[in-house]
Amino acid sequence: MTERPPFLVRLDAGMSDLTWWIHADSPEQIAQTLAEVEVLTDAPAGDVPEAIALADVGAVPALARLREQRDRQRARPEFGALLGRERVYLSQRDEECGDDGTYLVEVDSGGWRLRQVGRRPDGASYRTGPDDWAFNFRQDLYDPDLVEDEISAEEFEEAWAGASPGPGPDPFG
């Protein structure tokens, strides 16, 4: 049996990343198996230390949790519904402002933020882009919970046009 190629898998853990080399048939197979991870397809494979077979990820506690999360997601009909689109638009609650503050977010086909409109509880809104963020958090487009957050491109563009320029670099992304 031919050994599957190794792929570098990254989990954004806030101020740092967790990474593993995982043997799998494809990056898509990894993304369908593990929640919240990014498969770095441009990583040099060279000398790969301690690569894990995808079937064995349950032995690593952090990966076991991500696999269990993905198993629960995969059982839902909305699993992966946002994949394959050039752009996805989402409305998400702002954790710092509670239920009254929201972010409208435009993400690319990989789940990376491109533009964002912040709506504050007082009704003010501001727009920001990658140059304004210290971090660019990736959305997991396989996640079925994001389907209920989806908004139209028109709603996002209207909010973008009506928002003030952002206050400058946001230290919290």
# chains A, B, ... in the order shown; residues from 1 in each chain; ligands from 1
>>> select_by_dssp(residues="region 24-117 of chain A", states="helix (DSSP H, G or I)", output="MDAnalysis selection string")
chainID A and resid 27:33 54:59 61:74 98:100
>>> write_last_selection(atoms="C-alpha atoms", output="compact mmCIF listing (two decimals), in the first residue's frame")
# COMPACT_ATOMS: atom_id res chain seq x y z
CA PRO A 27 -6.61 18.48 1.76
CA GLU A 28 -10.38 18.16 1.32
CA GLN A 29 -10.37 14.83 3.17
CA ILE A 30 -8.70 16.53 6.14
CA ALA A 31 -11.10 19.51 6.07
CA GLN A 32 -14.07 17.13 6.01
CA THR A 33 -12.65 15.20 8.97
CA LEU A 54 -5.71 10.79 9.40
CA ALA A 55 -7.30 7.60 10.75
CA ASP A 56 -5.20 7.97 13.93
CA VAL A 57 -6.00 11.59 14.85
CA GLY A 58 -8.14 10.40 17.76
CA ALA A 59 -4.93 9.67 19.68
CA PRO A 61 -6.59 15.09 22.27
CA ALA A 62 -6.85 18.39 20.38
CA LEU A 63 -7.41 16.59 17.08
CA ALA A 64 -9.87 14.16 18.67
CA ARG A 65 -12.00 17.12 19.80
CA LEU A 66 -11.92 18.63 16.30
CA ARG A 67 -12.86 15.30 14.75
CA GLU A 68 -15.80 14.87 17.15
CA GLN A 69 -16.96 18.41 16.37
CA ARG A 70 -16.76 17.70 12.63
CA ASP A 71 -18.63 14.39 13.04
CA ARG A 72 -21.51 16.27 14.72
CA GLN A 73 -21.46 18.92 11.98
CA ARG A 74 -21.34 16.37 9.16
CA GLY A 98 -23.42 41.33 23.46
CA ASP A 99 -26.49 40.69 21.34
CA ASP A 100 -26.79 44.34 20.27
>>> select_by_dssp(residues="chain A", states="strand (DSSP E)", output="MDAnalysis selection string")
chainID A and resid 6:12 17:23 37:40 52:53 87:93 102:108 113:119 125:128 164:165
>>> write_last_selection(atoms="N, CA and C atoms", output="CSV table (one decimal), in the first residue's frame")
chain,number,residue,atom,x,y,z
A,6,PRO,N,1.8,13.7,3.2
A,6,PRO,CA,1.6,14.5,4.4
A,6,PRO,C,1.2,15.9,4.0
A,7,PHE,N,0.3,16.4,4.8
A,7,PHE,CA,-0.2,17.8,4.7
A,7,PHE,C,0.0,18.5,6.0
A,8,LEU,N,0.4,19.8,5.9
A,8,LEU,CA,0.6,20.6,7.2
A,8,LEU,C,-0.8,21.1,7.5
A,9,VAL,N,-1.2,20.9,8.7
A,9,VAL,CA,-2.6,21.3,9.2
A,9,VAL,C,-2.4,22.3,10.3
A,10,ARG,N,-3.1,23.4,10.2
A,10,ARG,CA,-2.9,24.4,11.3
A,10,ARG,C,-4.3,24.7,11.9
A,11,LEU,N,-4.2,24.9,13.2
A,11,LEU,CA,-5.4,25.3,14.0
A,11,LEU,C,-5.0,26.7,14.6
A,12,ASP,N,-5.7,27.7,14.3
A,12,ASP,CA,-5.5,29.0,14.9
A,12,ASP,C,-5.9,29.0,16.4
A,17,ASP,N,-0.4,29.3,16.8
A,17,ASP,CA,-1.0,28.2,16.1
A,17,ASP,C,-0.5,26.9,16.6
A,18,LEU,N,-1.4,25.9,16.4
A,18,LEU,CA,-1.0,24.5,16.6
A,18,LEU,C,-0.9,23.9,15.2
A,19,THR,N,0.1,23.1,15.0
A,19,THR,CA,0.3,22.5,13.7
A,19,THR,C,0.6,21.0,13.8
A,20,TRP,N,0.2,20.3,12.8
A,20,TRP,CA,0.5,18.8,12.7
A,20,TRP,C,0.7,18.5,11.3
A,21,TRP,N,1.5,17.5,11.0
A,21,TRP,CA,1.6,16.9,9.7
A,21,TRP,C,0.7,15.7,9.7
A,22,ILE,N,-0.2,15.6,8.8
A,22,ILE,CA,-1.2,14.5,8.7
A,22,ILE,C,-1.2,13.9,7.3
A,23,HIS,N,-1.1,12.6,7.3
A,23,HIS,CA,-1.2,11.8,6.1
A,23,HIS,C,-2.6,11.7,5.7
A,37,VAL,N,-9.8,23.7,11.1
A,37,VAL,CA,-8.4,23.7,10.7
A,37,VAL,C,-8.2,24.2,9.3
A,38,GLU,N,-7.0,24.6,9.0
A,38,GLU,CA,-6.6,25.1,7.7
A,38,GLU,C,-5.5,24.1,7.2
A,39,VAL,N,-5.7,23.6,6.0
A,39,VAL,CA,-4.7,22.8,5.4
A,39,VAL,C,-3.8,23.6,4.5
A,40,LEU,N,-2.5,23.7,4.9
A,40,LEU,CA,-1.6,24.6,4.1
A,40,LEU,C,-1.0,23.8,2.9
A,52,ILE,N,1.0,12.1,11.3
A,52,ILE,CA,0.0,11.3,11.8
A,52,ILE,C,-0.9,10.8,10.7
A,53,ALA,N,-1.3,9.6,10.7
A,53,ALA,CA,-2.3,9.1,9.7
A,53,ALA,C,-3.6,9.7,10.1
A,87,ARG,N,-17.6,34.3,-2.9
A,87,ARG,CA,-17.7,35.2,-1.7
A,87,ARG,C,-18.9,34.6,-0.9
A,88,VAL,N,-18.8,34.8,0.4
A,88,VAL,CA,-19.9,34.5,1.4
A,88,VAL,C,-20.0,35.7,2.3
A,89,TYR,N,-21.2,36.1,2.6
A,89,TYR,CA,-21.5,37.2,3.5
A,89,TYR,C,-22.2,36.7,4.7
A,90,LEU,N,-21.7,37.2,5.9
A,90,LEU,CA,-22.2,36.7,7.2
A,90,LEU,C,-22.6,37.9,8.1
A,91,SER,N,-23.5,37.7,9.0
A,91,SER,CA,-23.8,38.6,10.0
A,91,SER,C,-23.6,37.9,11.3
A,92,GLN,N,-22.7,38.3,12.1
A,92,GLN,CA,-22.3,37.6,13.4
A,92,GLN,C,-22.3,38.6,14.5
A,93,ARG,N,-22.8,38.0,15.7
A,93,ARG,CA,-22.8,38.8,16.9
A,93,ARG,C,-21.5,39.2,17.4
A,102,THR,N,-23.1,43.8,16.1
A,102,THR,CA,-22.8,42.7,15.1
A,102,THR,C,-21.7,43.1,14.2
A,103,TYR,N,-21.2,42.1,13.5
A,103,TYR,CA,-20.2,42.3,12.4
A,103,TYR,C,-20.8,41.7,11.2
A,104,LEU,N,-20.8,42.5,10.1
A,104,LEU,CA,-21.2,41.9,8.8
A,104,LEU,C,-19.8,41.7,8.1
A,105,VAL,N,-19.6,40.4,7.6
A,105,VAL,CA,-18.3,40.0,7.2
A,105,VAL,C,-18.4,39.5,5.8
A,106,GLU,N,-17.5,39.9,4.9
A,106,GLU,CA,-17.3,39.3,3.6
A,106,GLU,C,-16.1,38.4,3.6
A,107,VAL,N,-16.3,37.1,3.2
A,107,VAL,CA,-15.2,36.2,3.2
A,107,VAL,C,-15.0,35.6,1.9
A,108,ASP,N,-13.8,35.2,1.6
A,108,ASP,CA,-13.5,34.6,0.3
A,108,ASP,C,-13.8,33.1,0.3
A,113,ARG,N,-11.5,36.6,5.9
A,113,ARG,CA,-12.2,37.9,5.8
A,113,ARG,C,-11.5,38.8,4.8
A,114,LEU,N,-12.4,39.5,4.0
A,114,LEU,CA,-11.9,40.5,3.1
A,114,LEU,C,-12.3,41.9,3.5
A,115,ARG,N,-13.6,42.0,4.0
A,115,ARG,CA,-14.1,43.3,4.5
A,115,ARG,C,-15.0,43.0,5.6
A,116,GLN,N,-15.2,44.1,6.4
A,116,GLN,CA,-16.1,43.9,7.6
A,116,GLN,C,-16.7,45.2,7.9
A,117,VAL,N,-18.0,45.1,8.3
A,117,VAL,CA,-18.7,46.3,8.9
A,117,VAL,C,-19.1,46.0,10.3
A,118,GLY,N,-18.6,46.8,11.2
A,118,GLY,CA,-19.0,46.7,12.6
A,118,GLY,C,-20.2,47.5,12.9
A,119,ARG,N,-21.2,47.0,13.5
A,119,ARG,CA,-22.4,47.7,13.9
A,119,ARG,C,-22.4,47.8,15.5
A,125,SER,N,-21.9,52.6,12.7
A,125,SER,CA,-21.3,51.5,12.0
A,125,SER,C,-20.0,52.0,11.3
A,126,TYR,N,-19.0,51.1,11.2
A,126,TYR,CA,-17.7,51.4,10.7
A,126,TYR,C,-17.3,50.3,9.8
A,127,ARG,N,-16.5,50.6,8.8
A,127,ARG,CA,-16.0,49.5,7.9
A,127,ARG,C,-14.5,49.4,8.0
A,128,THR,N,-14.0,48.2,7.9
A,128,THR,CA,-12.6,47.9,8.0
A,128,THR,C,-12.2,46.8,7.0
A,164,SER,N,-19.0,54.4,8.3
A,164,SER,CA,-17.9,55.3,8.3
A,164,SER,C,-16.6,54.5,8.2
A,165,PRO,N,-15.5,55.1,7.8
A,165,PRO,CA,-14.2,54.4,7.8
A,165,PRO,C,-13.9,54.0,9.2
>>> residues_around(residues="Ser109 (chain A)", least_positions_apart="4", cutoff="9 Å", atoms="only C-alpha atoms", output="PyMOL selection string")
chain A and resi 82-88+141
>>> write_last_selection(atoms="N, CA and C atoms", output="tab-separated table (two decimals), in the first residue's frame")
chain	number	residue	atom	x	y	z
A	82	LEU	N	-21.91	26.30	2.44
A	82	LEU	CA	-21.33	27.57	1.98
A	82	LEU	C	-20.08	27.37	1.13
A	83	LEU	N	-19.68	26.13	0.91
A	83	LEU	CA	-18.49	25.85	0.10
A	83	LEU	C	-18.72	26.12	-1.37
A	84	GLY	N	-17.63	26.39	-2.08
A	84	GLY	CA	-17.69	26.52	-3.53
A	84	GLY	C	-18.15	27.87	-4.02
A	85	ARG	N	-18.25	28.83	-3.14
A	85	ARG	CA	-18.67	30.18	-3.54
A	85	ARG	C	-17.46	31.10	-3.54
A	86	GLU	N	-17.44	32.02	-4.47
A	86	GLU	CA	-16.34	32.99	-4.52
A	86	GLU	C	-16.37	33.90	-3.30
A	87	ARG	N	-17.56	34.29	-2.87
A	87	ARG	CA	-17.74	35.16	-1.70
A	87	ARG	C	-18.90	34.64	-0.87
A	88	VAL	N	-18.78	34.84	0.44
A	88	VAL	CA	-19.85	34.51	1.38
A	88	VAL	C	-19.99	35.72	2.30
A	141	LEU	N	-16.01	27.25	6.47
A	141	LEU	CA	-17.19	27.24	5.63
A	141	LEU	C	-17.90	25.88	5.59
>>> atom_distance(atom1="CA of Pro121 (chain A)", atom2="CA of Glu148 (chain A)")
21.1 Å
>>> closest_residue(among="A:Asn136, A:Ala124, A:Glu3, A:Val147", to="Ala159 (chain A)", atoms="only C-alpha atoms")
A:Ala124
